[in-house]
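The structure appears below as C-alpha cells.
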Amino acid sequence: MRIGVMIGAERGDSARKAARLVADAQWAESAGMDTAWIPQVPTDFDALTAVALMGAATSRIELGTAVVPLQAQHPIALARQALSTQAATGGRLALGVGPSHHWIIEDMLGLPYERPAGLTRDYLDVLDAARGGPGPIDVENRTYTVHNPLDLAPVAPLPVLVAALGPVMLAIAGERADGTILWMADERAVAEHVVPRITKAAEGAGRPAPRIVAGIPVCLCRPGEVDAARERANRILGEAEISPNYQRLLDYGDARDVGDLCAAGDEAAIAARFRRFADAGVTDLSVRLLPIGENRDELVASKRRTRDMIASLATDFR
C-alpha cells in the first residue's frame, strides 16, 4: 500500500495558497511520500492548476486530483487541461474525476444532476479518445456529440480514477478506468463492498487490477486525546455526510461518521489502522492531516508531528 497526503484547500489569499501548496508538495516529496492528492473544493483553488504548480517544484512524486467534478466542464476542455498538466508534470498526473454530488452540481452550479452514472460513461468515451491521441476525437453518445481535432498526446500513460461509491459506479470504474478514489469508506466497506465489485468488473473487462485510493483523516495524539481528534474531524470534515451518496457508503461499513474513520492515537495505533486498510485491499492511502490544539502554534506543531510520523510509516507499507 502506497501512502500519500492530501494537500489543500488552504485558507488565506490566493498568493499564499499557491506558495503553501508548493511548499507542502515539496515536503511530501522530500519526506519520501508516494503520492499527493489535491481535492477540488467548490470554493477554492483549481486542482489541476495546483498540480501544475506542484509539478514544477517537484520531480518524483505522483500528483492526483481527488476529484474533478465532471459536470463543471466539457470533456474536451478537461482533456485538454489534463493533458497539458500531465506534460507540465513530466507524466506524473493521476486524473481523479467523478460525477460529484447534488448539493454541488444543482445547488451551487445550477446544473442538472441527472443520470450521474450514464454521464460518467459518456464522459469517459471522450476522455478515452483524447488519451489515445493525438488525432481527431469523434464520439457520439447519449450526452455528447464531439468531432474535435486534438494535437495533444499523453507524454506517459495517464491514469484515470473514478470516484465510485455505489455498485453501478464501481462497475464503471472497474470496466472503464484505472481504479477509484474513496472518501467515507472504512475497512469493512472497502473489503466487502468496494473491492469485490470493482475487481469483478475489471476482470470481466480484461483490465488490470484496479487501484483503490482511500482517504482518511489522521491525527497523532495521546490516547486521552483520541476523542478530541474524532470530534474535531466531525466538526471540520463532517459536512460531506449530508450527501446521500456518502450516507449509503457508510451503511456498507461500521463507521457512522468521519470521526469514526479518523485514525487517531499513538504511532502504533495509527500503524495498526493503516494495516487494516491494506488488508482490506486499499492500494493507496490518502492521508488528510488532522491537527488538534487550542491555538495556532499548537495546531501547527500537531500537524508537523503527524506528518513526520506518516512519512516514517510510508516505507513500512511499500
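Here's how to read the names in the C-alpha cells: chain A, B, ... by the order shown, residue numbers from 1 in each chain, ligand numbers from 1 in the order shown.
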Which residues are near region 31-36 of chain A? Cut-off 8 Å, only C-alpha atoms, ignore same chain within fewer than 2 positions. Put them as a list in words.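 My list of contacting residues is Arg2, Ile3, Gly4, Val5, Met6, Ile7, Ala25, Trp27, Ala28, Glu29, Ile38, Ile61, Glu62, Leu63, Gly64, Ser286, Asp308, Ala311, Ala314 and Thr315 of chain A.
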Next, dump the selected residues to file, keeping only N, CA, C and O atoms, as a CSV table (one decimal), in the first residue's frame.
```csv
chain,number,residue,atom,x,y,z
A,2,ARG,N,0.6,2.1,-1.0
A,2,ARG,CA,1.4,3.4,-1.0
A,2,ARG,C,0.7,4.4,-0.2
A,2,ARG,O,-0.5,4.5,-0.1
A,3,ILE,N,1.5,5.3,0.5
A,3,ILE,CA,1.0,6.3,1.4
A,3,ILE,C,1.2,7.6,0.7
A,3,ILE,O,2.3,8.0,0.3
A,4,GLY,N,0.1,8.4,0.8
A,4,GLY,CA,0.2,9.8,0.2
A,4,GLY,C,-0.5,10.7,1.2
A,4,GLY,O,-1.1,10.3,2.1
A,5,VAL,N,-0.5,12.0,0.8
A,5,VAL,CA,-1.1,13.0,1.7
A,5,VAL,C,-2.1,13.9,0.8
A,5,VAL,O,-1.8,14.0,-0.4
A,6,MET,N,-3.1,14.4,1.4
A,6,MET,CA,-4.0,15.4,0.8
A,6,MET,C,-3.3,16.7,1.0
A,6,MET,O,-2.9,17.1,2.1
A,7,ILE,N,-3.3,17.5,0.0
A,7,ILE,CA,-2.8,18.9,0.0
A,7,ILE,C,-3.8,19.9,-0.4
A,7,ILE,O,-4.3,19.8,-1.5
A,25,ALA,N,3.9,20.2,-1.2
A,25,ALA,CA,4.3,19.2,-2.2
A,25,ALA,C,5.8,18.9,-2.1
A,25,ALA,O,6.2,17.8,-2.2
A,27,TRP,N,7.6,19.3,0.6
A,27,TRP,CA,7.8,18.5,1.8
A,27,TRP,C,7.5,17.0,1.5
A,27,TRP,O,8.2,16.1,1.9
A,28,ALA,N,6.3,16.8,0.9
A,28,ALA,CA,5.9,15.4,0.7
A,28,ALA,C,6.9,14.6,-0.1
A,28,ALA,O,7.2,13.4,0.2
A,29,GLU,N,7.4,15.2,-1.1
A,29,GLU,CA,8.4,14.5,-2.0
A,29,GLU,C,9.7,14.3,-1.2
A,29,GLU,O,10.3,13.2,-1.2
A,38,ILE,N,-4.9,16.2,-4.4
A,38,ILE,CA,-5.4,17.6,-4.3
A,38,ILE,C,-6.9,17.6,-4.5
A,38,ILE,O,-7.4,17.3,-5.6
A,61,ILE,N,7.3,12.7,-7.2
A,61,ILE,CA,6.0,12.3,-6.5
A,61,ILE,C,4.9,12.3,-7.5
A,61,ILE,O,4.8,13.2,-8.4
A,62,GLU,N,4.0,11.3,-7.4
A,62,GLU,CA,2.8,11.3,-8.2
A,62,GLU,C,1.8,12.4,-7.7
A,62,GLU,O,1.6,12.5,-6.4
A,63,LEU,N,1.1,13.1,-8.5
A,63,LEU,CA,0.2,14.2,-8.1
A,63,LEU,C,-1.2,13.9,-8.7
A,63,LEU,O,-1.3,13.7,-9.9
A,64,GLY,N,-2.2,13.8,-7.8
A,64,GLY,CA,-3.5,13.4,-8.3
A,64,GLY,C,-4.6,14.3,-7.9
A,64,GLY,O,-4.5,15.0,-6.9
A,286,SER,N,-4.7,7.9,1.2
A,286,SER,CA,-4.5,9.3,1.1
A,286,SER,C,-4.9,9.9,2.5
A,286,SER,O,-6.0,9.9,2.9
A,308,ASP,N,5.3,14.0,10.1
A,308,ASP,CA,6.6,13.3,10.2
A,308,ASP,C,6.4,11.9,10.5
A,308,ASP,O,7.1,11.0,10.0
A,311,ALA,N,5.3,10.0,7.4
A,311,ALA,CA,6.4,9.8,6.5
A,311,ALA,C,7.3,8.6,7.0
A,311,ALA,O,7.8,7.8,6.2
A,314,ALA,N,5.5,5.4,5.9
A,314,ALA,CA,5.3,5.2,4.5
A,314,ALA,C,6.2,4.0,4.0
A,314,ALA,O,5.7,3.2,3.2
A,315,THR,N,7.4,4.0,4.4
A,315,THR,CA,8.3,2.9,3.9
A,315,THR,C,7.9,1.5,4.4
A,315,THR,O,8.2,0.5,3.7
```
Identify all residues of region 132-198 of chain A in alpha helix (DSSP H) (DSSP on the backbone) and supply them as JSON, numbers by chain. {"A": [167, 168, 169, 170, 171, 172, 173, 174, 175, 176, 187, 188, 189, 195, 196, 197, 198]}
May I have the residues within 9 Å of region 186-195 of chain A as a tab-separated table (two decimals) with all heavy atoms, in the first residue's frame, using only C-alpha atoms and disregarding those fewer than 3 positions away in the same chain?
```tsv
chain	number	residue	atom	x	y	z
A	164	ALA	N	-16.12	6.41	-7.02
A	164	ALA	CA	-17.22	5.45	-7.14
A	164	ALA	C	-17.61	4.97	-5.76
A	164	ALA	O	-16.78	4.43	-5.03
A	164	ALA	CB	-16.80	4.27	-8.02
A	165	LEU	N	-18.89	5.16	-5.41
A	165	LEU	CA	-19.35	4.78	-4.09
A	165	LEU	C	-20.37	3.64	-4.13
A	165	LEU	O	-20.33	2.75	-3.30
A	165	LEU	CB	-19.97	6.01	-3.39
A	165	LEU	CG	-19.10	7.27	-3.35
A	165	LEU	CD1	-19.82	8.39	-2.63
A	165	LEU	CD2	-17.76	6.99	-2.68
A	166	GLY	N	-21.27	3.67	-5.11
A	166	GLY	CA	-22.30	2.66	-5.22
A	166	GLY	C	-21.95	1.56	-6.21
A	166	GLY	O	-20.96	1.65	-6.94
A	167	PRO	N	-22.75	0.49	-6.27
A	167	PRO	CA	-22.45	-0.64	-7.14
A	167	PRO	C	-22.30	-0.28	-8.61
A	167	PRO	O	-21.39	-0.79	-9.29
A	167	PRO	CB	-23.64	-1.58	-6.91
A	167	PRO	CG	-24.14	-1.24	-5.55
A	167	PRO	CD	-23.93	0.24	-5.40
A	170	LEU	N	-19.07	1.68	-9.17
A	170	LEU	CA	-17.91	0.81	-9.00
A	170	LEU	C	-17.72	-0.09	-10.23
A	170	LEU	O	-16.58	-0.36	-10.64
A	170	LEU	CB	-18.07	-0.05	-7.74
A	170	LEU	CG	-17.84	0.70	-6.42
A	170	LEU	CD1	-18.34	-0.13	-5.25
A	170	LEU	CD2	-16.37	1.05	-6.24
A	182	LEU	N	-11.83	7.01	-2.97
A	182	LEU	CA	-12.88	6.90	-1.97
A	182	LEU	C	-12.74	7.94	-0.87
A	182	LEU	O	-11.64	8.36	-0.54
A	182	LEU	CB	-12.84	5.51	-1.32
A	182	LEU	CG	-12.89	4.29	-2.24
A	182	LEU	CD1	-12.59	3.03	-1.45
A	182	LEU	CD2	-14.26	4.19	-2.90
A	183	TRP	N	-13.87	8.31	-0.32
A	183	TRP	CA	-13.94	9.08	0.91
A	183	TRP	C	-15.16	8.56	1.67
A	183	TRP	O	-16.18	8.24	1.05
A	183	TRP	CB	-14.06	10.57	0.61
A	183	TRP	CG	-14.11	11.47	1.82
A	183	TRP	CD1	-15.19	12.18	2.26
A	183	TRP	CD2	-13.05	11.77	2.73
A	183	TRP	NE1	-14.87	12.90	3.39
A	183	TRP	CE2	-13.55	12.66	3.70
A	183	TRP	CE3	-11.72	11.35	2.83
A	183	TRP	CZ2	-12.78	13.16	4.75
A	183	TRP	CZ3	-10.94	11.85	3.87
A	183	TRP	CH2	-11.48	12.74	4.80
A	198	ILE	N	-15.49	-3.74	-7.78
A	198	ILE	CA	-14.62	-3.11	-8.78
A	198	ILE	C	-13.67	-4.14	-9.38
A	198	ILE	O	-13.36	-4.08	-10.58
A	198	ILE	CB	-13.86	-1.91	-8.17
A	198	ILE	CG1	-13.22	-1.07	-9.28
A	198	ILE	CG2	-12.81	-2.35	-7.16
A	198	ILE	CD1	-12.62	0.23	-8.79
A	199	THR	N	-13.24	-5.10	-8.58
A	199	THR	CA	-12.32	-6.12	-9.09
A	199	THR	C	-13.03	-7.04	-10.09
A	199	THR	O	-12.48	-7.38	-11.15
A	199	THR	CB	-11.74	-6.94	-7.93
A	199	THR	OG1	-11.05	-6.07	-7.02
A	199	THR	CG2	-10.78	-8.00	-8.44
A	200	LYS	N	-14.25	-7.44	-9.77
A	200	LYS	CA	-15.02	-8.28	-10.70
A	200	LYS	C	-15.24	-7.56	-12.02
A	200	LYS	O	-15.10	-8.16	-13.09
A	200	LYS	CB	-16.35	-8.65	-10.07
A	200	LYS	CG	-17.23	-9.52	-10.96
A	200	LYS	CD	-18.54	-9.87	-10.27
A	200	LYS	CE	-19.43	-10.72	-11.17
A	200	LYS	NZ	-20.73	-11.05	-10.51
A	210	PRO	N	-7.54	-2.97	-10.31
A	210	PRO	CA	-7.72	-1.53	-10.16
A	210	PRO	C	-7.02	-0.98	-8.93
A	210	PRO	O	-6.87	-1.67	-7.91
A	210	PRO	CB	-9.24	-1.38	-10.02
A	210	PRO	CG	-9.69	-2.69	-9.44
A	210	PRO	CD	-8.75	-3.73	-9.99
A	212	ILE	N	-7.16	1.30	-5.68
A	212	ILE	CA	-8.20	1.71	-4.75
A	212	ILE	C	-7.58	2.70	-3.78
A	212	ILE	O	-6.76	2.33	-2.93
A	212	ILE	CB	-8.79	0.50	-4.01
A	212	ILE	CG1	-9.45	-0.45	-5.03
A	212	ILE	CG2	-9.80	0.94	-2.96
A	212	ILE	CD1	-9.88	-1.77	-4.48
A	214	ALA	N	-8.02	5.27	-0.85
A	214	ALA	CA	-8.92	5.58	0.25
A	214	ALA	C	-8.39	6.77	1.03
A	214	ALA	O	-7.22	6.79	1.43
A	214	ALA	CB	-9.06	4.38	1.18
A	216	ILE	N	-8.50	9.11	4.40
A	216	ILE	CA	-8.91	9.12	5.82
A	216	ILE	C	-8.19	10.25	6.54
A	216	ILE	O	-7.06	10.60	6.20
A	216	ILE	CB	-8.60	7.79	6.53
A	216	ILE	CG1	-7.10	7.50	6.55
A	216	ILE	CG2	-9.37	6.64	5.90
A	216	ILE	CD1	-6.72	6.36	7.50
A	249	LEU	N	-22.79	4.85	1.46
A	249	LEU	CA	-21.49	4.18	1.59
A	249	LEU	C	-21.21	3.84	3.05
A	249	LEU	O	-20.70	2.75	3.36
A	249	LEU	CB	-20.39	5.07	1.02
A	249	LEU	CG	-18.97	4.49	1.04
A	249	LEU	CD1	-18.90	3.18	0.27
A	249	LEU	CD2	-17.97	5.49	0.47
A	250	LEU	N	-21.54	4.74	3.96
A	250	LEU	CA	-21.37	4.45	5.38
A	250	LEU	C	-22.15	3.21	5.80
A	250	LEU	O	-21.70	2.44	6.67
A	250	LEU	CB	-21.80	5.65	6.22
A	250	LEU	CG	-20.85	6.86	6.24
A	250	LEU	CD1	-21.53	8.06	6.88
A	250	LEU	CD2	-19.55	6.52	6.97
A	251	ASP	N	-23.29	2.99	5.18
A	251	ASP	CA	-24.12	1.84	5.54
A	251	ASP	C	-23.43	0.50	5.23
A	251	ASP	O	-23.79	-0.53	5.80
A	251	ASP	CB	-25.46	1.90	4.81
A	251	ASP	CG	-26.38	2.98	5.36
A	251	ASP	OD1	-26.15	3.42	6.51
A	251	ASP	OD2	-27.31	3.39	4.63
A	252	TYR	N	-22.44	0.52	4.31
A	252	TYR	CA	-21.73	-0.71	3.98
A	252	TYR	C	-20.66	-1.06	5.01
A	252	TYR	O	-20.11	-2.17	4.98
A	252	TYR	CB	-21.06	-0.59	2.61
A	252	TYR	CG	-22.03	-0.69	1.45
A	252	TYR	CD1	-22.39	0.45	0.73
A	252	TYR	CD2	-22.56	-1.92	1.06
A	252	TYR	CE1	-23.27	0.37	-0.35
A	252	TYR	CE2	-23.43	-2.01	-0.01
A	252	TYR	CZ	-23.79	-0.86	-0.72
A	252	TYR	OH	-24.65	-0.94	-1.77
A	253	GLY	N	-20.34	-0.12	5.91
A	253	GLY	CA	-19.28	-0.38	6.87
A	253	GLY	C	-19.75	-0.22	8.30
A	253	GLY	O	-20.95	-0.24	8.59
A	254	ASP	N	-18.79	-0.05	9.18
A	254	ASP	CA	-19.07	0.11	10.61
A	254	ASP	C	-19.02	1.57	11.05
A	254	ASP	O	-19.57	1.90	12.10
A	254	ASP	CB	-18.07	-0.70	11.44
A	254	ASP	CG	-18.15	-2.19	11.14
A	254	ASP	OD1	-19.28	-2.72	11.11
A	254	ASP	OD2	-17.10	-2.82	10.94
A	255	ALA	N	-18.35	2.41	10.30
A	255	ALA	CA	-18.23	3.82	10.67
A	255	ALA	C	-19.57	4.52	10.49
A	255	ALA	O	-20.30	4.26	9.52
A	255	ALA	CB	-17.17	4.51	9.83
A	260	ASP	N	-15.35	8.44	13.07
A	260	ASP	CA	-15.06	7.01	13.17
A	260	ASP	C	-14.00	6.58	12.17
A	260	ASP	O	-13.28	5.59	12.40
A	260	ASP	CB	-16.33	6.18	12.93
A	260	ASP	CG	-17.32	6.29	14.07
A	260	ASP	OD1	-16.92	6.70	15.18
A	260	ASP	OD2	-18.51	5.96	13.86
A	261	LEU	N	-13.91	7.27	11.04
A	261	LEU	CA	-12.90	6.96	10.03
A	261	LEU	C	-11.53	7.46	10.42
A	261	LEU	O	-10.52	7.01	9.88
A	261	LEU	CB	-13.28	7.59	8.69
A	261	LEU	CG	-14.34	6.86	7.86
A	261	LEU	CD1	-14.80	7.76	6.73
A	261	LEU	CD2	-13.79	5.56	7.31
A	273	ARG	N	-4.17	0.75	12.23
A	273	ARG	CA	-5.31	1.14	11.39
A	273	ARG	C	-4.92	1.11	9.92
A	273	ARG	O	-5.69	0.66	9.05
A	273	ARG	CB	-5.79	2.54	11.79
A	273	ARG	CG	-7.14	2.94	11.16
A	273	ARG	CD	-8.30	2.36	11.93
A	273	ARG	NE	-9.56	2.48	11.24
A	273	ARG	CZ	-10.42	3.49	11.41
A	273	ARG	NH1	-10.14	4.48	12.25
A	273	ARG	NH2	-11.58	3.51	10.76
A	276	ARG	N	-4.99	-2.39	8.65
A	276	ARG	CA	-6.34	-2.90	8.37
A	276	ARG	C	-6.83	-2.43	7.02
A	276	ARG	O	-7.51	-3.17	6.30
A	276	ARG	CB	-7.29	-2.48	9.48
A	276	ARG	CG	-7.01	-3.15	10.82
A	276	ARG	CD	-8.19	-3.07	11.77
A	276	ARG	NE	-8.49	-1.71	12.20
A	276	ARG	CZ	-7.94	-1.13	13.26
A	276	ARG	NH1	-7.01	-1.77	13.97
A	276	ARG	NH2	-8.29	0.10	13.62
A	277	PHE	N	-6.50	-1.20	6.65
A	277	PHE	CA	-6.90	-0.73	5.32
A	277	PHE	C	-6.13	-1.49	4.23
A	277	PHE	O	-6.71	-1.83	3.19
A	277	PHE	CB	-6.66	0.78	5.19
A	277	PHE	CG	-7.79	1.61	5.70
A	277	PHE	CD1	-7.76	2.18	6.96
A	277	PHE	CD2	-8.92	1.82	4.92
A	277	PHE	CE1	-8.82	2.95	7.44
A	277	PHE	CE2	-9.99	2.58	5.39
A	277	PHE	CZ	-9.93	3.14	6.65
A	278	ALA	N	-4.85	-1.74	4.45
A	278	ALA	CA	-4.08	-2.52	3.48
A	278	ALA	C	-4.66	-3.92	3.34
A	278	ALA	O	-4.81	-4.44	2.22
A	278	ALA	CB	-2.62	-2.58	3.90
A	279	ASP	N	-4.98	-4.56	4.46
A	279	ASP	CA	-5.55	-5.90	4.41
A	279	ASP	C	-6.92	-5.91	3.73
A	279	ASP	O	-7.31	-6.93	3.13
A	279	ASP	CB	-5.69	-6.46	5.83
A	279	ASP	CG	-4.35	-6.75	6.48
A	279	ASP	OD1	-3.33	-6.80	5.75
A	279	ASP	OD2	-4.31	-6.88	7.72
A	280	ALA	N	-7.64	-4.80	3.79
A	280	ALA	CA	-8.96	-4.71	3.15
A	280	ALA	C	-8.85	-4.60	1.63
A	280	ALA	O	-9.84	-4.83	0.92
A	280	ALA	CB	-9.73	-3.51	3.69
A	281	GLY	N	-7.67	-4.25	1.13
A	281	GLY	CA	-7.49	-4.15	-0.32
A	281	GLY	C	-7.16	-2.77	-0.83
A	281	GLY	O	-7.09	-2.56	-2.05
A	282	VAL	N	-6.94	-1.82	0.06
A	282	VAL	CA	-6.57	-0.47	-0.37
A	282	VAL	C	-5.16	-0.51	-0.95
A	282	VAL	O	-4.23	-1.06	-0.34
A	282	VAL	CB	-6.64	0.51	0.82
A	282	VAL	CG1	-6.00	1.85	0.46
A	282	VAL	CG2	-8.09	0.71	1.24
```
Selection near Val67 (chain A), 7 Å with only C-alpha atoms, sequence-local residues under 6 positions removed, as a list in words: Pro39, Gln40, Gly96, Val97 and Gly98 of chain A
Given the choices A:Arg235, A:Arg80, A:Arg230, A:His147, which gets closest to Cys262 (chain A) if the distance is worked out from only C-alpha atoms?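 Smallest separation from Cys262 (chain A) among the options: A:Arg230.
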Out of A:Arg131, A:Arg176, A:Arg60, A:Arg16, which residue has the shortest atom-to-atom distance to Ile76 (chain A) when counting only C-alpha atoms?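 Among the listed residues, A:Arg131 lies closest to Ile76 (chain A).
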For each of A:Leu285, A:Ala47, A:Ala228, A:Val300, take the minimum atom-to-atom distance to Arg211 (chain A), counting only C-alpha atoms, then give the residue where this is smallest.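 That would be A:Leu285, the residue with the smallest distance to Arg211 (chain A).
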Within 12 Å of Ala205 (chain A), counting only C-alpha atoms, which residues show up once you throw out same-chain ones fewer than 2 positions away? Write them as a list in words, please.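 Near Ala205 (chain A), the qualifying residues are Ala171, Ile172, Ala173, Gly174, Glu175, Arg176, Ala177, Asp178, Ile198, Thr199, Lys200, Ala201, Ala202, Glu203, Arg207, Pro208, Ala209 and Pro210 of chain A.
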Keeping only all heavy atoms, take the residues you just selected and write them out as a CSV table (one decimal), in the first residue's frame.
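Final output, saved to part-v1.csv:
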```csv
chain,number,residue,atom,x,y,z
A,171,ALA,N,-18.8,-0.5,-10.8
A,171,ALA,CA,-18.7,-1.3,-12.0
A,171,ALA,C,-18.1,-0.5,-13.2
A,171,ALA,O,-17.2,-1.0,-13.9
A,171,ALA,CB,-20.1,-1.9,-12.4
A,172,ILE,N,-18.5,0.8,-13.3
A,172,ILE,CA,-18.0,1.6,-14.3
A,172,ILE,C,-16.5,1.9,-14.1
A,172,ILE,O,-15.7,1.8,-15.0
A,172,ILE,CB,-18.7,3.0,-14.3
A,172,ILE,CG1,-20.2,2.7,-14.8
A,172,ILE,CG2,-18.0,4.0,-15.2
A,172,ILE,CD1,-21.0,4.0,-14.7
A,173,ALA,N,-16.1,2.1,-12.8
A,173,ALA,CA,-14.7,2.4,-12.5
A,173,ALA,C,-13.8,1.1,-12.8
A,173,ALA,O,-12.7,1.3,-13.3
A,173,ALA,CB,-14.5,2.7,-11.0
A,174,GLY,N,-14.4,-0.1,-12.6
A,174,GLY,CA,-13.6,-1.3,-12.9
A,174,GLY,C,-13.5,-1.5,-14.4
A,174,GLY,O,-12.5,-1.9,-14.9
A,175,GLU,N,-14.6,-1.3,-15.1
A,175,GLU,CA,-14.7,-1.6,-16.5
A,175,GLU,C,-13.9,-0.6,-17.4
A,175,GLU,O,-13.3,-0.9,-18.4
A,175,GLU,CB,-16.1,-1.7,-17.0
A,175,GLU,CG,-16.9,-2.8,-16.4
A,175,GLU,CD,-18.4,-2.7,-16.6
A,175,GLU,OE1,-18.8,-1.6,-17.2
A,175,GLU,OE2,-19.2,-3.6,-16.2
A,176,ARG,N,-14.0,0.7,-16.9
A,176,ARG,CA,-13.6,1.8,-17.8
A,176,ARG,C,-12.4,2.6,-17.4
A,176,ARG,O,-11.8,3.4,-18.1
A,176,ARG,CB,-14.8,2.7,-18.0
A,176,ARG,CG,-16.0,2.1,-18.6
A,176,ARG,CD,-15.8,1.8,-20.1
A,176,ARG,NE,-15.3,2.9,-20.8
A,176,ARG,CZ,-16.1,3.9,-21.3
A,176,ARG,NH1,-17.4,3.8,-21.2
A,176,ARG,NH2,-15.6,4.9,-22.0
A,177,ALA,N,-12.0,2.5,-16.1
A,177,ALA,CA,-11.0,3.3,-15.5
A,177,ALA,C,-9.9,2.5,-14.9
A,177,ALA,O,-9.9,1.3,-14.9
A,177,ALA,CB,-11.6,4.3,-14.5
A,178,ASP,N,-8.9,3.2,-14.3
A,178,ASP,CA,-7.8,2.5,-13.7
A,178,ASP,C,-8.0,2.3,-12.2
A,178,ASP,O,-7.0,1.8,-11.5
A,178,ASP,CB,-6.5,3.4,-13.9
A,178,ASP,CG,-6.2,3.5,-15.4
A,178,ASP,OD1,-5.8,2.5,-16.0
A,178,ASP,OD2,-6.4,4.6,-15.9
A,198,ILE,N,-15.5,-3.7,-7.8
A,198,ILE,CA,-14.6,-3.1,-8.8
A,198,ILE,C,-13.7,-4.1,-9.4
A,198,ILE,O,-13.4,-4.1,-10.6
A,198,ILE,CB,-13.9,-1.9,-8.2
A,198,ILE,CG1,-13.2,-1.1,-9.3
A,198,ILE,CG2,-12.8,-2.3,-7.2
A,198,ILE,CD1,-12.6,0.2,-8.8
A,199,THR,N,-13.2,-5.1,-8.6
A,199,THR,CA,-12.3,-6.1,-9.1
A,199,THR,C,-13.0,-7.0,-10.1
A,199,THR,O,-12.5,-7.4,-11.2
A,199,THR,CB,-11.7,-6.9,-7.9
A,199,THR,OG1,-11.1,-6.1,-7.0
A,199,THR,CG2,-10.8,-8.0,-8.4
A,200,LYS,N,-14.2,-7.4,-9.8
A,200,LYS,CA,-15.0,-8.3,-10.7
A,200,LYS,C,-15.2,-7.6,-12.0
A,200,LYS,O,-15.1,-8.2,-13.1
A,200,LYS,CB,-16.4,-8.7,-10.1
A,200,LYS,CG,-17.2,-9.5,-11.0
A,200,LYS,CD,-18.5,-9.9,-10.3
A,200,LYS,CE,-19.4,-10.7,-11.2
A,200,LYS,NZ,-20.7,-11.0,-10.5
A,201,ALA,N,-15.6,-6.3,-11.9
A,201,ALA,CA,-15.8,-5.5,-13.2
A,201,ALA,C,-14.5,-5.4,-14.0
A,201,ALA,O,-14.5,-5.5,-15.2
A,201,ALA,CB,-16.3,-4.1,-12.8
A,202,ALA,N,-13.4,-5.2,-13.3
A,202,ALA,CA,-12.1,-5.0,-14.1
A,202,ALA,C,-11.7,-6.4,-14.7
A,202,ALA,O,-11.3,-6.4,-15.9
A,202,ALA,CB,-11.0,-4.6,-13.1
A,203,GLU,N,-11.9,-7.4,-14.0
A,203,GLU,CA,-11.6,-8.8,-14.5
A,203,GLU,C,-12.5,-9.1,-15.7
A,203,GLU,O,-12.0,-9.6,-16.7
A,203,GLU,CB,-11.7,-9.8,-13.5
A,203,GLU,CG,-10.7,-9.8,-12.4
A,203,GLU,CD,-10.9,-10.7,-11.2
A,203,GLU,OE1,-12.1,-11.3,-11.2
A,203,GLU,OE2,-10.1,-10.9,-10.4
A,207,ARG,N,-9.2,-5.9,-17.7
A,207,ARG,CA,-8.3,-4.8,-17.3
A,207,ARG,C,-7.5,-5.3,-16.1
A,207,ARG,O,-7.8,-6.2,-15.4
A,207,ARG,CB,-9.2,-3.6,-16.9
A,207,ARG,CG,-9.9,-3.0,-18.1
A,207,ARG,CD,-10.7,-1.8,-17.6
A,207,ARG,NE,-9.8,-0.7,-17.2
A,207,ARG,CZ,-9.3,0.2,-18.1
A,207,ARG,NH1,-9.6,0.2,-19.3
A,207,ARG,NH2,-8.4,1.1,-17.6
A,208,PRO,N,-6.4,-4.6,-15.9
A,208,PRO,CA,-5.5,-4.9,-14.7
A,208,PRO,C,-6.3,-4.7,-13.4
A,208,PRO,O,-7.3,-4.0,-13.4
A,208,PRO,CB,-4.3,-4.0,-14.9
A,208,PRO,CG,-4.3,-3.5,-16.3
A,208,PRO,CD,-5.8,-3.5,-16.7
A,209,ALA,N,-5.7,-5.2,-12.3
A,209,ALA,CA,-6.3,-5.0,-11.0
A,209,ALA,C,-6.4,-3.5,-10.7
A,209,ALA,O,-5.4,-2.7,-11.0
A,209,ALA,CB,-5.5,-5.6,-9.9
A,210,PRO,N,-7.5,-3.0,-10.3
A,210,PRO,CA,-7.7,-1.5,-10.2
A,210,PRO,C,-7.0,-1.0,-8.9
A,210,PRO,O,-6.9,-1.7,-7.9
A,210,PRO,CB,-9.2,-1.4,-10.0
A,210,PRO,CG,-9.7,-2.7,-9.4
A,210,PRO,CD,-8.8,-3.7,-10.0
```
Skip Ala87 (chain A) itself and residues of its chain fewer than 3 positions away, then list as a ChimeraX atom specification all residues within 10 Å of it, counting only C-alpha atoms. /A:52,55,81-84,90-93,152-156
Would you mind exporting C-alpha atoms of the selected residues as an mmCIF file, in the first residue's frame?
```cif
data_model
loop_
_atom_site.group_PDB
_atom_site.id
_atom_site.type_symbol
_atom_site.label_atom_id
_atom_site.label_comp_id
_atom_site.auth_asym_id
_atom_site.auth_seq_id
_atom_site.Cartn_x
_atom_site.Cartn_y
_atom_site.Cartn_z
ATOM 1 C CA ALA A 52 0.868 22.030 -12.442
ATOM 2 C CA GLY A 55 4.837 19.548 -10.626
ATOM 3 C CA GLN A 81 -6.314 20.742 -19.351
ATOM 4 C CA ALA A 82 -5.372 17.300 -18.056
ATOM 5 C CA LEU A 83 -3.046 16.505 -20.961
ATOM 6 C CA SER A 84 -1.397 19.908 -20.609
ATOM 7 C CA GLY A 90 6.528 15.076 -16.702
ATOM 8 C CA GLY A 91 3.806 12.429 -16.780
ATOM 9 C CA ARG A 92 3.105 12.347 -13.022
ATOM 10 C CA LEU A 93 -0.597 13.250 -13.079
ATOM 11 C CA LEU A 152 -2.054 16.896 -27.631
ATOM 12 C CA ALA A 153 -0.948 13.402 -26.714
ATOM 13 C CA PRO A 154 -0.137 11.901 -23.309
ATOM 14 C CA VAL A 155 3.571 12.146 -22.520
ATOM 15 C CA ALA A 156 3.134 8.941 -20.475
#
```
Could you pull out the strand (DSSP E) residues of region 52-280 of chain A from DSSP and send them as number ranges by chain? A: 62-65, 68-69, 93-98, 135-140, 145-150, 160-162, 179-183, 211-220, 263-265
